[in-house]
Amino acid sequence: MKRATRVGLITSGGDCQGLNAAIRGVGKALFHRVDNIEIYGMFDGYRGLIESDYKFMEPKDFSGILTEGGTILGTSRQRYVPGKDIVDDEGNSVIPQMLNTYNRLNLDCLVIMGGNGTQKSAKLISDAGMNVITLPKTIDNDIWGTDTTFGFQSAVDIATNVIDYLHSTASSHGRIFVVELMGRDAGWLTLQAGIGSGADVILIPEIPYDLNKVADMLIARRKAGRGFSIVACAEGAVSVDDVKLDEEESRRKRENSKHSTVSYEIAARLEQLTGQDTRVTVPGHYQRGGPPCAYDRVLATQFGVAAADLIINKQYGRMVAIQGGQITSIPLADAASKTKFLPVDHPMIQVARDIGISMGD
Ligand code: F6P
């Protein structure tokens, strides 16, 4: 009998919607298309690979999970030393332990699903001699080389829904609402949900904001008879003054601030500047939870099937991607070396500006 093809599955980093759909896509396609296949699911992200904590997966494990949020394999974050190593709490490299599990199971390939941090770690794992294929997942949509990631559209739908619901209470009370959406480094989610929900102001990390300008716009809105306003603010939004601070100064400012997050700081200042009652809503991890939307189910399935194709063709060291509507793959080295920030001249930002949304500048 032909030697089995052995594949390890890993979901790593912050979870998002569509991980189970992607696991299902990989598993079903491999069982369907490869004669003798063995699949091992590593528990809790890279931890399972490090500690040899895994389960042998049968075809039935890939059924009934398409619509489930989270990941049936669990996930975790590992300490990553930029470009150099993945280490434990004592600072010791864990790559030898990973290699040990990989070799002991006689794996042909690892399929690793994750965001930016995971892609970087996967590149190191690939450099250490393990065959790796990655899938891009994150609600932030900030992975380089792919037009979109699974999880993103589901989070956009949730964030849009949150703002839809806030409109009625904002209107009844004539208040300003600052809604803080996820996205530490990139504003894709906030821009899309802000436009989708009719926000009046959208603040993203890529465009430093000036609250005097935002307040002028909000005051003008009220004068024009619009009694309430919605500010969609990315968690990584930064002011024109704070963007000049270096890393150490920013850390000190955050530690000494009486506000827990940027949106509380913005709300307090806007209330002062406009004299209008202002509230904050932070949906937080709610944006990453629950079932994937239909778009993400389909995308994650397509990505999973594409990963199976790469395994069948022994094309390793690549990340599955979607570009111009076509499923493709790119070198992992490219995906792992850059972050896909929102270009400030992106047409979608112009769409927002053209309908009178303030981008805070
Ligand atoms: O990268 C995805 C993300 O959801 C970010 O938007 C957010 O800043 C971060 O993860 C939150 O991380 P954690 O799950 O560790 O709180």
# chains A, B, ... in the order shown; residues from 1 in each chain; ligands from 1
call {"tool": "closest_atom_pairs", "arguments": {"of": "chain A", "to": "ligand 1", "cutoff": "6 Å", "atoms": "only C-alpha atoms and all ligand atoms", "output": "tab-separated table"}}
result
residue	atom	partner	partner_atom_place_in_ligand_line	distance
A:Gly14	CA	ligand 1	14 (O)	4.7
A:Thr138	CA	ligand 1	2 (C)	5.6
A:Ile139	CA	ligand 1	2 (C)	5.8
A:Asp140	CA	ligand 1	6 (O)	5.4
A:Met182	CA	ligand 1	6 (O)	4.2
A:Gly183	CA	ligand 1	6 (O)	4.0
A:Arg184	CA	ligand 1	8 (O)	4.7
call {"tool": "write_last_selection", "arguments": {"atoms": "N, CA and C atoms", "output": "tab-separated table (two decimals), in the first residue's frame"}}
result
chain	number	residue	atom	x	y	z
A	14	GLY	N	-4.98	35.02	17.40
A	14	GLY	CA	-6.38	35.36	17.74
A	14	GLY	C	-7.32	34.59	16.83
A	138	THR	N	-7.86	36.60	9.63
A	138	THR	CA	-7.89	37.66	10.64
A	138	THR	C	-9.05	38.60	10.35
A	139	ILE	N	-9.65	39.10	11.40
A	139	ILE	CA	-10.71	40.10	11.19
A	139	ILE	C	-10.11	41.43	10.77
A	140	ASP	N	-8.78	41.58	10.93
A	140	ASP	CA	-8.14	42.87	10.61
A	140	ASP	C	-7.90	43.07	9.12
A	182	MET	N	-12.16	46.82	16.41
A	182	MET	CA	-10.83	46.22	16.46
A	182	MET	C	-9.98	46.65	15.25
A	183	GLY	N	-8.69	46.49	15.40
A	183	GLY	CA	-7.74	46.90	14.37
A	183	GLY	C	-6.65	47.74	15.01
A	184	ARG	N	-5.62	47.06	15.51
A	184	ARG	CA	-4.51	47.75	16.18
A	184	ARG	C	-3.69	48.57	15.21
call {"tool": "residues_around", "arguments": {"residues": "A:Cys293", "least_positions_apart": "2", "cutoff": "6 Å", "atoms": "only C-alpha atoms", "output": "number ranges by chain"}}
result
A: 154, 295-296
call {"tool": "write_last_selection", "arguments": {"atoms": "N, CA and C atoms", "output": "tab-separated table (two decimals), in the first residue's frame"}}
result
chain	number	residue	atom	x	y	z
A	154	SER	N	-17.15	38.72	8.28
A	154	SER	CA	-18.05	38.43	9.41
A	154	SER	C	-17.94	39.54	10.46
A	295	TYR	N	-20.16	34.65	3.15
A	295	TYR	CA	-18.97	34.97	2.35
A	295	TYR	C	-17.74	34.28	2.95
A	296	ASP	N	-17.59	34.36	4.27
A	296	ASP	CA	-16.42	33.75	4.91
A	296	ASP	C	-16.46	32.22	4.85
call {"tool": "closest_atom_pairs", "arguments": {"of": "stretch 61-150 of chain A", "to": "stretch 312-331 of chain A", "cutoff": "12 Å", "atoms": "only C-alpha atoms", "output": "tab-separated table"}}
result
residue	atom	partner	partner_atom	distance
A:Asp108	CA	A:Lys314	CA	8.8
A:Cys109	CA	A:Tyr316	CA	7.7
A:Leu110	CA	A:Tyr316	CA	9.2
A:Val111	CA	A:Met319	CA	9.6
A:Ile112	CA	A:Met319	CA	9.2
A:Met113	CA	A:Met319	CA	9.4
A:Gly114	CA	A:Met319	CA	10.4
A:Gly115	CA	A:Met319	CA	11.2
A:Asn116	CA	A:Met319	CA	11.6
A:Thr118	CA	A:Met319	CA	11.4
A:Gln119	CA	A:Met319	CA	8.4
A:Lys120	CA	A:Met319	CA	11.3
A:Ala122	CA	A:Gly317	CA	8.8
A:Lys123	CA	A:Gly317	CA	7.6
A:Leu124	CA	A:Gly317	CA	10.5
A:Ile125	CA	A:Gly317	CA	9.7
A:Ser126	CA	A:Gly317	CA	6.4
A:Asp127	CA	A:Gly317	CA	8.9
A:Ala128	CA	A:Gly317	CA	11.4
A:Gly129	CA	A:Gly317	CA	10.1
A:Met130	CA	A:Gly317	CA	8.9
A:Asn131	CA	A:Tyr316	CA	5.6
A:Val132	CA	A:Gly317	CA	5.2
A:Ile133	CA	A:Arg318	CA	5.2
A:Thr134	CA	A:Met319	CA	4.6
A:Leu135	CA	A:Val320	CA	5.3
A:Pro136	CA	A:Val320	CA	7.0
A:Lys137	CA	A:Ala321	CA	10.2
A:Asn141	CA	A:Ala321	CA	11.8
A:Ile143	CA	A:Ala321	CA	9.5
A:Trp144	CA	A:Ala321	CA	9.3
A:Gly145	CA	A:Ala321	CA	6.8
A:Thr146	CA	A:Ala321	CA	4.8
A:Asp147	CA	A:Gln323	CA	5.4
A:Thr148	CA	A:Ile322	CA	6.7
A:Thr149	CA	A:Ala321	CA	8.0
A:Phe150	CA	A:Ala321	CA	10.3
call {"tool": "select_by_dssp", "arguments": {"residues": "stretch 171-316 of chain A", "states": "alpha helix (DSSP H)", "output": "JSON, numbers by chain"}}
result
{"A": [171, 172, 173, 188, 189, 190, 191, 192, 193, 194, 195, 196, 197, 211, 212, 213, 214, 215, 216, 217, 218, 219, 220, 221, 222, 223, 247, 248, 249, 250, 251, 252, 253, 254, 255, 256, 262, 263, 264, 265, 266, 267, 268, 269, 270, 271, 272, 273, 274, 294, 295, 296, 297, 298, 299, 300, 301, 302, 303, 304, 305, 306, 307, 308, 309, 310, 311, 312]}
call {"tool": "closest_atom_pairs", "arguments": {"of": "stretch 154-244 of chain A", "to": "stretch 350-353 of chain A", "cutoff": "12 Å", "atoms": "only C-alpha atoms", "output": "Markdown table"}}
result
| residue | atom | partner | partner_atom | distance |
| --- | --- | --- | --- | --- |
| A:Thr190 | CA | A:Ala352 | CA | 11.6 |
| A:Leu191 | CA | A:Ala352 | CA | 8.2 |
| A:Gln192 | CA | A:Ala352 | CA | 9.5 |
| A:Ala193 | CA | A:Ala352 | CA | 11.2 |
| A:Gly194 | CA | A:Ala352 | CA | 8.7 |
| A:Ile195 | CA | A:Ala352 | CA | 6.5 |
| A:Gly196 | CA | A:Ala352 | CA | 10.1 |
| A:Ser197 | CA | A:Ala352 | CA | 11.6 |
| A:Gly198 | CA | A:Ala352 | CA | 9.5 |
| A:Ala199 | CA | A:Ala352 | CA | 9.5 |
| A:Asp200 | CA | A:Ala352 | CA | 9.3 |
| A:Val201 | CA | A:Ala352 | CA | 9.2 |
| A:Ile202 | CA | A:Ala352 | CA | 8.5 |
| A:Leu203 | CA | A:Ala352 | CA | 11.5 |
call {"tool": "atom_distance", "arguments": {"atom1": "atom CA of A:Gly48", "atom2": "atom CA of A:Val81"}}
result
19.4 Å
call {"tool": "closest_residue", "arguments": {"among": "A:Gly91, A:Gly27, A:Gly174, A:Gly8", "to": "A:Tyr46", "atoms": "only C-alpha atoms"}}
result
A:Gly8
